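The structure file my_file-v4.cif is reproduced below (mmCIF, C-alpha atoms).
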data_structure
loop_
_atom_site.label_atom_id
_atom_site.label_comp_id
_atom_site.auth_asym_id
_atom_site.auth_seq_id
_atom_site.Cartn_x
_atom_site.Cartn_y
_atom_site.Cartn_z
CA MET A 1 71.24 72.33 14.19
CA ASP A 2 72.34 75.94 14.32
CA ARG A 3 69.93 78.10 12.33
CA LEU A 4 72.80 79.56 10.33
CA SER A 5 74.37 76.23 9.42
CA PRO A 6 74.25 75.28 5.73
CA PRO A 7 71.69 72.61 4.84
CA PRO A 8 72.95 69.03 4.68
CA GLU A 9 73.84 67.79 1.24
CA GLY A 10 71.38 65.60 -0.59
CA LEU A 11 68.13 66.79 0.98
CA PRO A 12 65.23 64.92 -0.65
CA LEU A 13 62.96 66.78 -3.02
CA PRO A 14 60.25 68.51 -0.97
CA LEU A 15 57.29 66.65 -2.53
CA GLU A 16 58.71 63.13 -2.38
CA GLY A 17 56.01 60.86 -0.99
CA ILE A 18 53.18 63.05 -2.33
CA THR A 19 50.87 61.41 -4.90
CA VAL A 20 48.91 63.54 -7.37
CA VAL A 21 46.08 62.34 -9.59
CA ALA A 22 45.19 64.67 -12.45
CA VAL A 23 42.33 64.56 -14.92
CA GLU A 24 43.86 67.22 -17.10
CA GLN A 25 44.24 68.52 -20.63
CA ALA A 26 45.83 71.33 -22.64
CA VAL A 27 48.18 73.58 -20.63
CA ALA A 28 46.88 75.06 -17.36
CA ALA A 29 46.50 71.89 -15.26
CA PRO A 30 49.32 69.92 -16.94
CA PHE A 31 51.81 72.76 -16.39
CA ALA A 32 50.76 73.01 -12.72
CA THR A 33 51.19 69.28 -12.11
CA ARG A 34 54.50 69.23 -13.96
CA GLN A 35 55.84 71.64 -11.34
CA LEU A 36 54.76 69.16 -8.67
CA ALA A 37 56.42 66.28 -10.52
CA ASP A 38 59.67 68.22 -10.89
CA LEU A 39 59.71 68.71 -7.10
CA GLY A 40 59.38 64.99 -6.46
CA ALA A 41 55.66 64.23 -6.45
CA ARG A 42 54.29 61.15 -8.17
CA VAL A 43 51.84 62.44 -10.77
CA ILE A 44 49.30 60.07 -12.34
CA LYS A 45 47.83 61.61 -15.47
CA VAL A 46 44.39 60.33 -16.45
CA GLU A 47 43.81 60.63 -20.21
CA ARG A 48 41.03 59.77 -22.61
CA VAL A 49 41.24 56.43 -24.39
CA ASP A 50 40.57 58.09 -27.78
CA GLY A 51 43.80 60.02 -28.25
CA GLY A 52 44.48 61.18 -24.71
CA ASP A 53 45.14 64.77 -23.73
CA PHE A 54 44.25 66.73 -26.86
CA ALA A 55 47.49 68.70 -26.49
CA ARG A 56 49.19 65.56 -27.80
CA GLY A 57 47.82 66.55 -31.22
CA TYR A 58 48.67 70.26 -31.30
CA ASP A 59 51.73 69.81 -33.52
CA THR A 60 54.58 67.39 -34.27
CA ALA A 61 57.44 69.85 -33.73
CA ALA A 62 59.30 67.85 -31.06
CA ARG A 63 60.58 65.09 -33.33
CA GLY A 64 57.04 63.95 -33.98
CA LEU A 65 55.63 64.80 -30.55
CA ALA A 66 53.64 67.93 -29.68
CA SER A 67 55.83 70.68 -28.25
CA HIS A 68 53.16 71.75 -25.72
CA PHE A 69 52.81 68.18 -24.47
CA VAL A 70 56.55 67.61 -24.09
CA TRP A 71 56.87 70.90 -22.19
CA CYS A 72 54.01 70.27 -19.73
CA ASN A 73 54.01 66.52 -19.08
CA ARG A 74 57.41 65.18 -18.15
CA GLY A 75 57.74 63.03 -15.07
CA LYS A 76 54.17 61.69 -15.15
CA GLU A 77 52.52 58.28 -15.40
CA SER A 78 49.80 58.00 -18.05
CA ILE A 79 46.67 55.90 -17.61
CA ALA A 80 44.03 55.98 -20.36
CA LEU A 81 40.43 55.52 -19.17
CA ASP A 82 36.90 56.20 -20.37
CA LEU A 83 35.38 58.16 -17.48
CA LYS A 84 31.89 57.94 -19.00
CA ASP A 85 31.97 54.25 -18.21
CA PRO A 86 31.36 53.53 -14.49
CA ARG A 87 34.28 51.10 -14.49
CA GLY A 88 36.69 53.75 -15.69
CA LEU A 89 35.38 56.25 -13.15
CA ASP A 90 35.72 53.65 -10.42
CA VAL A 91 39.43 53.30 -11.22
CA VAL A 92 39.90 57.04 -10.82
CA ARG A 93 38.07 56.98 -7.51
CA ARG A 94 40.36 54.20 -6.29
CA LEU A 95 43.43 56.19 -7.33
CA ILE A 96 42.12 59.31 -5.57
CA ALA A 97 41.50 57.34 -2.37
CA ASP A 98 45.26 56.87 -2.00
CA ALA A 99 46.26 60.31 -3.30
CA ASP A 100 47.28 63.52 -1.57
CA VAL A 101 46.30 65.89 -4.38
CA PHE A 102 43.73 65.84 -7.17
CA VAL A 103 43.75 68.36 -10.03
CA GLN A 104 41.22 68.77 -12.83
CA ASN A 105 40.53 71.29 -15.58
CA LEU A 106 37.64 69.66 -17.40
CA ALA A 107 34.97 71.79 -19.07
CA GLN A 108 32.79 73.66 -16.59
CA GLY A 109 30.35 71.29 -14.88
CA ALA A 110 31.92 68.08 -16.22
CA ALA A 111 33.83 67.27 -13.03
CA ALA A 112 30.76 67.85 -10.87
CA ARG A 113 28.69 65.52 -13.04
CA LEU A 114 31.33 62.84 -12.46
CA GLY A 115 31.61 63.58 -8.75
CA LEU A 116 35.19 64.75 -9.27
CA ASP A 117 34.78 68.39 -8.27
CA ALA A 118 36.88 69.63 -5.38
CA ALA A 119 34.02 70.15 -2.94
CA THR A 120 32.66 66.62 -3.38
CA LEU A 121 36.06 64.95 -3.18
CA CYS A 122 37.22 66.91 -0.12
CA ALA A 123 33.98 66.07 1.70
CA ALA A 124 34.74 62.39 1.13
CA HIS A 125 38.51 62.66 1.74
CA PRO A 126 39.28 65.35 4.33
CA ARG A 127 43.07 65.11 3.90
CA LEU A 128 42.86 65.50 0.12
CA VAL A 129 43.88 68.73 -1.58
CA ALA A 130 41.58 69.02 -4.61
CA VAL A 131 42.03 71.67 -7.29
CA ASP A 132 39.44 72.95 -9.75
CA ILE A 133 40.94 75.01 -12.59
CA SER A 134 38.43 76.79 -14.78
CA GLY A 135 38.27 79.59 -17.29
CA TYR A 136 36.07 82.02 -15.38
CA GLY A 137 35.18 80.41 -12.06
CA ALA A 138 32.26 78.26 -10.93
CA SER A 139 29.72 81.08 -10.66
CA GLY A 140 28.78 84.29 -12.42
CA PRO A 141 27.55 84.99 -15.96
CA TYR A 142 30.76 83.69 -17.59
CA ALA A 143 30.92 80.40 -15.66
CA ASP A 144 29.87 78.25 -18.63
CA LYS A 145 31.70 80.26 -21.29
CA ARG A 146 34.39 78.46 -23.25
CA ALA A 147 37.81 79.65 -22.17
CA TYR A 148 40.91 79.27 -24.30
CA ASP A 149 44.10 81.15 -23.61
CA MET A 150 43.76 83.83 -26.28
CA LEU A 151 40.13 84.46 -25.35
CA VAL A 152 41.06 84.99 -21.71
CA GLN A 153 43.94 87.26 -22.71
CA CYS A 154 41.31 89.41 -24.41
CA GLU A 155 38.86 89.30 -21.50
CA ALA A 156 41.59 90.16 -18.97
CA GLY A 157 42.77 93.17 -20.98
CA LEU A 158 46.26 91.84 -21.68
CA VAL A 159 45.79 92.24 -25.42
CA SER A 160 44.75 95.87 -24.93
CA VAL A 161 48.14 96.84 -23.50
CA THR A 162 50.34 94.64 -25.71
CA GLY A 163 51.37 95.66 -29.20
CA THR A 164 51.87 98.91 -31.06
CA PRO A 165 49.78 102.10 -30.93
CA GLU A 166 48.04 100.91 -34.10
CA GLN A 167 47.59 97.22 -33.34
CA PRO A 168 46.89 95.24 -30.15
CA VAL A 169 48.41 91.75 -30.12
CA LYS A 170 48.18 88.69 -27.92
CA ALA A 171 51.17 87.55 -25.92
CA GLY A 172 53.37 85.07 -27.76
CA ILE A 173 53.06 82.54 -24.94
CA PRO A 174 49.89 81.12 -23.31
CA ALA A 175 49.94 83.72 -20.54
CA ALA A 176 46.48 82.94 -19.14
CA ASP A 177 47.21 79.22 -18.97
CA ILE A 178 50.58 79.80 -17.32
CA ALA A 179 49.14 82.26 -14.79
CA ALA A 180 46.42 79.80 -13.77
CA ALA A 181 48.95 76.95 -13.61
CA MET A 182 51.29 78.79 -11.30
CA TYR A 183 48.50 79.86 -8.93
CA ALA A 184 47.24 76.27 -8.89
CA PHE A 185 50.78 75.08 -8.12
CA SER A 186 51.22 77.58 -5.27
CA GLY A 187 47.69 76.84 -4.03
CA VAL A 188 48.54 73.15 -3.74
CA LEU A 189 51.71 73.95 -1.80
CA ALA A 190 49.82 76.28 0.56
CA ALA A 191 47.09 73.69 1.14
CA LEU A 192 49.68 70.98 1.86
CA VAL A 193 51.30 73.25 4.45
CA ARG A 194 47.87 73.82 6.02
CA ARG A 195 47.27 70.06 6.05
CA GLY A 196 50.56 69.65 7.86
CA THR A 197 49.27 71.85 10.69
CA ASN A 198 45.64 70.76 11.04
CA GLY A 199 45.41 67.50 9.09
CA ARG A 200 42.91 68.74 6.52
CA GLY A 201 43.54 69.45 2.85
CA GLY A 202 40.62 71.19 1.24
CA PRO A 203 39.48 72.62 -2.07
CA VAL A 204 41.55 75.01 -4.19
CA GLU A 205 39.87 77.05 -6.92
CA VAL A 206 41.73 78.92 -9.66
CA SER A 207 40.28 80.66 -12.71
CA MET A 208 42.29 81.74 -15.71
CA LEU A 209 40.57 85.14 -15.80
CA GLU A 210 41.24 85.91 -12.15
CA ALA A 211 44.85 84.72 -12.40
CA LEU A 212 45.61 86.88 -15.44
CA ALA A 213 43.66 89.86 -14.06
CA GLU A 214 46.01 89.77 -11.06
CA TRP A 215 48.98 89.92 -13.42
CA MET A 216 47.42 93.01 -15.00
CA GLY A 217 47.94 94.89 -11.72
CA HIS A 218 50.09 97.76 -12.97
CA PRO A 219 48.03 98.83 -16.01
CA LEU A 220 44.81 98.13 -14.12
CA HIS A 221 45.74 100.34 -11.17
CA HIS A 222 47.12 102.98 -13.53
CA THR A 223 43.77 103.09 -15.33
CA MET A 224 41.51 102.92 -12.27
CA HIS A 225 43.36 105.58 -10.28
CA ASP A 226 44.82 107.85 -12.95
CA GLY A 227 41.85 107.62 -15.29
CA THR A 228 43.85 106.74 -18.41
CA PRO A 229 45.12 103.34 -19.56
CA PRO A 230 48.83 103.08 -20.40
CA ALA A 231 49.44 103.45 -24.12
CA ARG A 232 50.58 100.50 -26.23
CA THR A 233 54.18 101.30 -27.09
CA GLY A 234 55.64 98.19 -28.71
CA LEU A 235 59.00 97.58 -27.07
CA ALA A 236 59.02 101.05 -25.52
CA HIS A 237 57.81 101.85 -22.01
CA ALA A 238 54.66 103.89 -21.54
CA VAL A 239 56.08 106.17 -18.81
CA ILE A 240 59.89 105.88 -19.08
CA ALA A 241 62.28 107.18 -21.76
CA PRO A 242 64.59 106.11 -23.20
CA TYR A 243 63.35 102.56 -22.85
CA ASP A 244 63.23 100.76 -26.20
CA ALA A 245 65.14 98.55 -28.63
CA TYR A 246 67.48 100.28 -31.07
CA PRO A 247 69.09 98.87 -34.26
CA THR A 248 72.85 98.37 -34.33
CA ALA A 249 75.30 98.47 -37.22
CA ASP A 250 75.45 94.68 -37.61
CA GLY A 251 71.69 94.16 -37.89
CA GLY A 252 71.10 93.42 -34.22
CA ARG A 253 68.86 95.25 -31.79
CA VAL A 254 69.78 96.33 -28.28
CA LEU A 255 67.23 97.31 -25.68
CA LEU A 256 68.21 99.77 -22.98
CA SER A 257 66.40 101.22 -20.00
CA VAL A 258 67.21 104.49 -18.26
CA GLN A 259 65.47 104.38 -14.89
CA ASN A 260 66.51 107.72 -13.42
CA ASP A 261 68.13 111.04 -14.29
CA ARG A 262 71.56 110.03 -12.96
CA GLU A 263 71.60 107.19 -15.49
CA TRP A 264 70.58 109.60 -18.23
CA ARG A 265 73.55 111.83 -17.45
CA ARG A 266 75.90 108.83 -17.67
CA LEU A 267 74.30 107.74 -20.94
CA ALA A 268 74.66 111.23 -22.40
CA GLU A 269 78.31 111.48 -21.43
CA GLN A 270 79.65 107.98 -21.96
CA VAL A 271 77.51 106.59 -24.80
CA LEU A 272 75.95 109.48 -26.68
CA GLY A 273 79.09 111.59 -26.39
CA GLN A 274 76.98 114.67 -25.61
CA PRO A 275 77.35 115.40 -21.88
CA GLU A 276 75.45 118.67 -22.24
CA LEU A 277 72.25 116.66 -22.76
CA GLY A 278 72.50 115.55 -19.14
CA THR A 279 71.46 119.01 -17.95
CA ASP A 280 69.49 120.21 -20.97
CA PRO A 281 65.96 121.03 -19.66
CA GLU A 282 64.40 119.19 -22.60
CA TYR A 283 66.07 115.91 -21.57
CA ALA A 284 67.29 116.26 -17.97
CA THR A 285 64.23 114.67 -16.34
CA ASN A 286 62.26 111.58 -17.21
CA ALA A 287 59.10 113.65 -17.64
CA ALA A 288 60.91 115.84 -20.16
CA ARG A 289 62.31 112.85 -22.03
CA VAL A 290 58.88 111.24 -22.24
CA ALA A 291 57.43 114.52 -23.51
CA HIS A 292 60.15 114.60 -26.18
CA ARG A 293 60.26 110.84 -26.73
CA GLU A 294 60.83 110.94 -30.50
CA ARG A 295 63.82 113.25 -30.17
CA THR A 296 65.19 111.27 -27.22
CA ASP A 297 64.91 108.01 -29.15
CA ALA A 298 66.51 109.61 -32.20
CA LEU A 299 69.55 110.64 -30.15
CA VAL A 300 69.99 107.16 -28.70
CA GLY A 301 69.27 105.46 -32.03
CA LYS A 302 71.89 107.53 -33.83
CA ALA A 303 74.57 106.66 -31.28
CA LEU A 304 73.89 102.91 -31.34
CA ALA A 305 73.49 102.73 -35.12
CA ASP A 306 77.25 103.18 -35.50
CA LEU A 307 78.09 100.30 -33.13
CA GLY A 308 77.85 96.54 -33.42
CA ALA A 309 75.55 94.87 -30.93
CA ASP A 310 78.40 93.49 -28.81
CA GLU A 311 80.13 96.87 -28.72
CA ALA A 312 76.88 98.65 -27.89
CA VAL A 313 76.18 96.30 -24.97
CA ALA A 314 79.77 96.66 -23.70
CA ARG A 315 79.59 100.45 -23.80
CA LEU A 316 76.21 100.58 -22.11
CA GLU A 317 77.30 98.19 -19.37
CA ALA A 318 80.48 100.19 -18.80
CA ALA A 319 78.27 103.23 -18.25
CA GLY A 320 76.06 101.33 -15.83
CA ILE A 321 73.02 101.35 -18.13
CA ALA A 322 70.65 98.35 -18.01
CA CYS A 323 70.54 96.71 -21.42
CA ALA A 324 69.84 93.48 -23.25
CA ARG A 325 70.15 92.00 -26.70
CA LEU A 326 66.87 91.35 -28.48
CA ARG A 327 67.24 87.60 -28.95
CA ASP A 328 65.25 85.18 -31.05
CA LEU A 329 64.48 81.66 -29.84
CA TRP A 330 67.58 80.17 -31.45
CA ASP A 331 69.60 82.68 -29.41
CA VAL A 332 67.78 81.66 -26.23
CA ALA A 333 68.47 77.98 -26.92
CA GLY A 334 72.17 78.85 -27.01
CA HIS A 335 72.11 81.57 -24.35
CA PRO A 336 75.54 81.82 -22.70
CA GLN A 337 74.06 82.41 -19.24
CA LEU A 338 71.90 79.28 -19.37
CA ALA A 339 74.89 77.32 -20.61
CA ALA A 340 77.23 78.72 -17.96
CA ARG A 341 74.77 77.80 -15.21
CA GLU A 342 74.28 74.32 -16.70
CA ARG A 343 70.49 74.68 -16.94
CA TRP A 344 69.97 72.20 -19.78
CA ARG A 345 69.19 68.51 -19.30
CA GLU A 346 67.80 65.71 -21.45
CA VAL A 347 64.35 64.25 -20.83
CA GLY A 348 63.29 60.83 -22.03
CA THR A 349 60.34 60.62 -24.43
CA PRO A 350 58.76 57.96 -26.66
CA VAL A 351 60.94 59.28 -29.52
CA GLY A 352 64.18 59.44 -27.54
CA PRO A 353 65.85 62.09 -25.36
CA LEU A 354 64.88 65.73 -25.87
CA ARG A 355 66.61 68.81 -24.49
CA ALA A 356 64.76 70.66 -21.71
CA LEU A 357 65.45 73.37 -19.16
CA LEU A 358 65.73 72.69 -15.47
CA PRO A 359 62.79 74.27 -13.63
CA PRO A 360 63.61 77.73 -12.24
CA ILE A 361 63.09 76.69 -8.59
CA THR A 362 66.55 75.69 -7.36
CA LEU A 363 66.99 74.14 -3.91
CA PRO A 364 70.70 74.41 -3.02
CA GLY A 365 71.96 71.52 -0.94
CA GLY A 366 69.15 69.27 -2.05
CA ASN A 367 68.58 66.79 -4.82
CA GLU A 368 68.18 68.16 -8.31
CA ALA A 369 64.68 68.51 -9.75
CA ARG A 370 63.29 65.23 -10.99
CA MET A 371 62.86 65.65 -14.73
CA GLY A 372 61.21 62.36 -15.53
CA ASP A 373 60.19 60.94 -18.88
CA VAL A 374 57.32 62.20 -21.02
CA PRO A 375 54.87 59.27 -21.08
CA ALA A 376 53.30 57.60 -24.07
CA LEU A 377 49.52 57.47 -23.96
CA GLY A 378 48.47 54.74 -21.53
CA GLU A 379 52.07 53.73 -20.88
CA HIS A 380 51.31 52.98 -17.22
CA THR A 381 47.71 51.80 -17.53
CA GLU A 382 48.33 48.14 -16.76
CA ALA A 383 50.65 48.79 -13.82
CA LEU A 384 48.23 51.26 -12.27
CA LEU A 385 45.24 48.97 -12.74
CA HIS A 386 47.15 46.23 -10.97
CA ALA A 387 48.03 48.73 -8.25
CA VAL A 388 44.37 49.41 -7.50
CA GLY A 389 43.74 45.68 -7.14
CA MET A 390 42.53 44.57 -10.57
CA THR A 391 43.25 41.09 -11.88
CA ASP A 392 44.59 40.28 -15.32
CA ASP A 393 41.13 39.13 -16.41
CA GLU A 394 39.50 42.36 -15.22
CA ILE A 395 42.13 44.42 -17.03
CA ALA A 396 41.66 42.41 -20.20
CA ALA A 397 37.91 43.07 -20.02
CA LEU A 398 38.46 46.82 -19.63
CA ARG A 399 40.73 46.83 -22.66
CA ARG A 400 38.35 44.69 -24.68
CA ASP A 401 35.44 47.06 -23.95
CA GLY A 402 37.45 50.21 -24.69
CA VAL A 403 37.30 51.43 -21.08
CA ALA A 404 41.07 51.35 -20.73
CA ALA A 405 43.91 51.71 -23.20
#

Here is a file; write its structure as structure tokens.
Amino acid sequence: MDRLSPPPEGLPLPLEGITVVAVEQAVAAPFATRQLADLGARVIKVERVDGGDFARGYDTAARGLASHFVWCNRGKESIALDLKDPRGLDVVRRLIADADVFVQNLAQGAAARLGLDAATLCAAHPRLVAVDISGYGASGPYADKRAYDMLVQCEAGLVSVTGTPEQPVKAGIPAADIAAAMYAFSGVLAALVRRGTNGRGGPVEVSMLEALAEWMGHPLHHTMHDGTPPARTGLAHAVIAPYDAYPTADGGRVLLSVQNDREWRRLAEQVLGQPELGTDPEYATNAARVAHRERTDALVGKALADLGADEAVARLEAAGIACARLRDLWDVAGHPQLAARERWREVGTPVGPLRALLPPITLPGGNEARMGDVPALGEHTEALLHAVGMTDDEIAALRRDGVAA
């Protein structure tokens, strides 16, 4: 095929035929494996018999289901096993023997005690890609420290640069969990590519601290090389002005960003109605505007305060100024761009269909992402036990003894 020819229609999802087994909980590992499921992989989720993944109990916001669980676990098969019982652990080992990928984020040391750590599994199964997700890594003084998202946000310095000058705040999303999940996801893909060239999978290690520390690159380099950490500025930018959210006449807020002095001159002329500010030495350069930030913000705030949000956005866009409306989550759920691009789908769950976004990886010319159902706890236990060769009597015994549910 000519290299410039468009791809044929209906290409299969890239991970079709890949089987993933995951002993996972909370957010980091489940969000990573959900990405794999969306791209076509079969994901078998191993849960505890006594309530399953504890994220199932975080809240009941999704029509009785936990919002975290619905978000992170679509498209998976759930098997409930007691891994402290040798029979339950044997089932997992049988599943792994036929798998391409194994992912776990148990408490530090727990996987190794079960023989489910990446190094042990890859030694036994050279083609397997095995992922260990931890809070702080397998070595070092923090290796055994409990790691929850907010704690890692603090340890990685994210909280120190987020918030107002008076008050640091955590991010409103589980940033450390998401960072670790996405590096685990990309690590699996890289290891599968390597396996395709040399036939060997291998271990993948991801820590929440190291993942989020990487995301802290800009403020970290600013501090290490300049000697001063960027100031917390709320919605403003530490080194650019004007760059903030400003109230509008109808109660909205519009954020704008002036990235260079040419944009400032356009803003002064076409939005502020004061073209002389474009060459005024106190405002003509970004350094000057940052030095006089309060006065700069007052000028912009006064101009936008007389406009409705829609009118303010229209005027800023006409002047070529980057801007956005400050939206709440109801606004995002009805965002016109997401609607226009048809990004919403319905996902099956034990309580009926729930609305969910398509994943952001789009593969034009191929099949759409597989957004499978959110499983009930142990929904696929019996089928999977049969698949690993167990008889009805053996399955009944596991259920009777509380090893499977």

What separation in Å, quoted to one decimal, exists between CA of Ala32 (chain A) and CA of Ser186 (chain A)?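 Answer for the CA of Ala32 (chain A) to CA of Ser186 (chain A) separation: 8.8 Å.
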
Name the residues that the PyMOL selection byres ((chain A and resi 324-341) around 7) picks from the file above, as an NGL selection string, using the file's chain letters and numbers. :A and (253-256 or 323 or 342-343)

Can you translate the PyMOL selection byres ((chain A and resi 301) around 12) into the concrete residues it hits in this file, as a short mmCIF file (atom, residue, chain, number, x, y, z; two decimals) with C-alpha atoms, in the coordinates of the input?
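To be explicit, this is the file written out as result.cif:
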data_model
loop_
_atom_site.label_atom_id
_atom_site.label_comp_id
_atom_site.auth_asym_id
_atom_site.auth_seq_id
_atom_site.Cartn_x
_atom_site.Cartn_y
_atom_site.Cartn_z
CA PRO A 242 64.59 106.11 -23.20
CA TYR A 243 63.35 102.56 -22.85
CA ASP A 244 63.23 100.76 -26.20
CA ALA A 245 65.14 98.55 -28.63
CA TYR A 246 67.48 100.28 -31.07
CA PRO A 247 69.09 98.87 -34.26
CA THR A 248 72.85 98.37 -34.33
CA ALA A 249 75.30 98.47 -37.22
CA ARG A 253 68.86 95.25 -31.79
CA VAL A 254 69.78 96.33 -28.28
CA LEU A 255 67.23 97.31 -25.68
CA LEU A 256 68.21 99.77 -22.98
CA VAL A 271 77.51 106.59 -24.80
CA LEU A 272 75.95 109.48 -26.68
CA ARG A 293 60.26 110.84 -26.73
CA GLU A 294 60.83 110.94 -30.50
CA ARG A 295 63.82 113.25 -30.17
CA THR A 296 65.19 111.27 -27.22
CA ASP A 297 64.91 108.01 -29.15
CA ALA A 298 66.51 109.61 -32.20
CA LEU A 299 69.55 110.64 -30.15
CA VAL A 300 69.99 107.16 -28.70
CA LYS A 302 71.89 107.53 -33.83
CA ALA A 303 74.57 106.66 -31.28
CA LEU A 304 73.89 102.91 -31.34
CA ALA A 305 73.49 102.73 -35.12
CA ASP A 306 77.25 103.18 -35.50
CA LEU A 307 78.09 100.30 -33.13
CA ALA A 312 76.88 98.65 -27.89
#

Taking (60.2, 60.2, -22.1) as a centre in this file's frame and 12 Å as the limit, can you find every polymer residue with an atom that close, using all atoms listed in the file, and give them as number ranges by chain? A: 62, 65, 69-71, 73-78, 346-356, 371-377, 379

Just the number, please: distance in Å from CA of Lys45 (chain A) to CA of Ala156 (chain A), one decimal.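 Spanning CA of Lys45 (chain A) to CA of Ala156 (chain A) is a straight-line distance of 29.4 Å.
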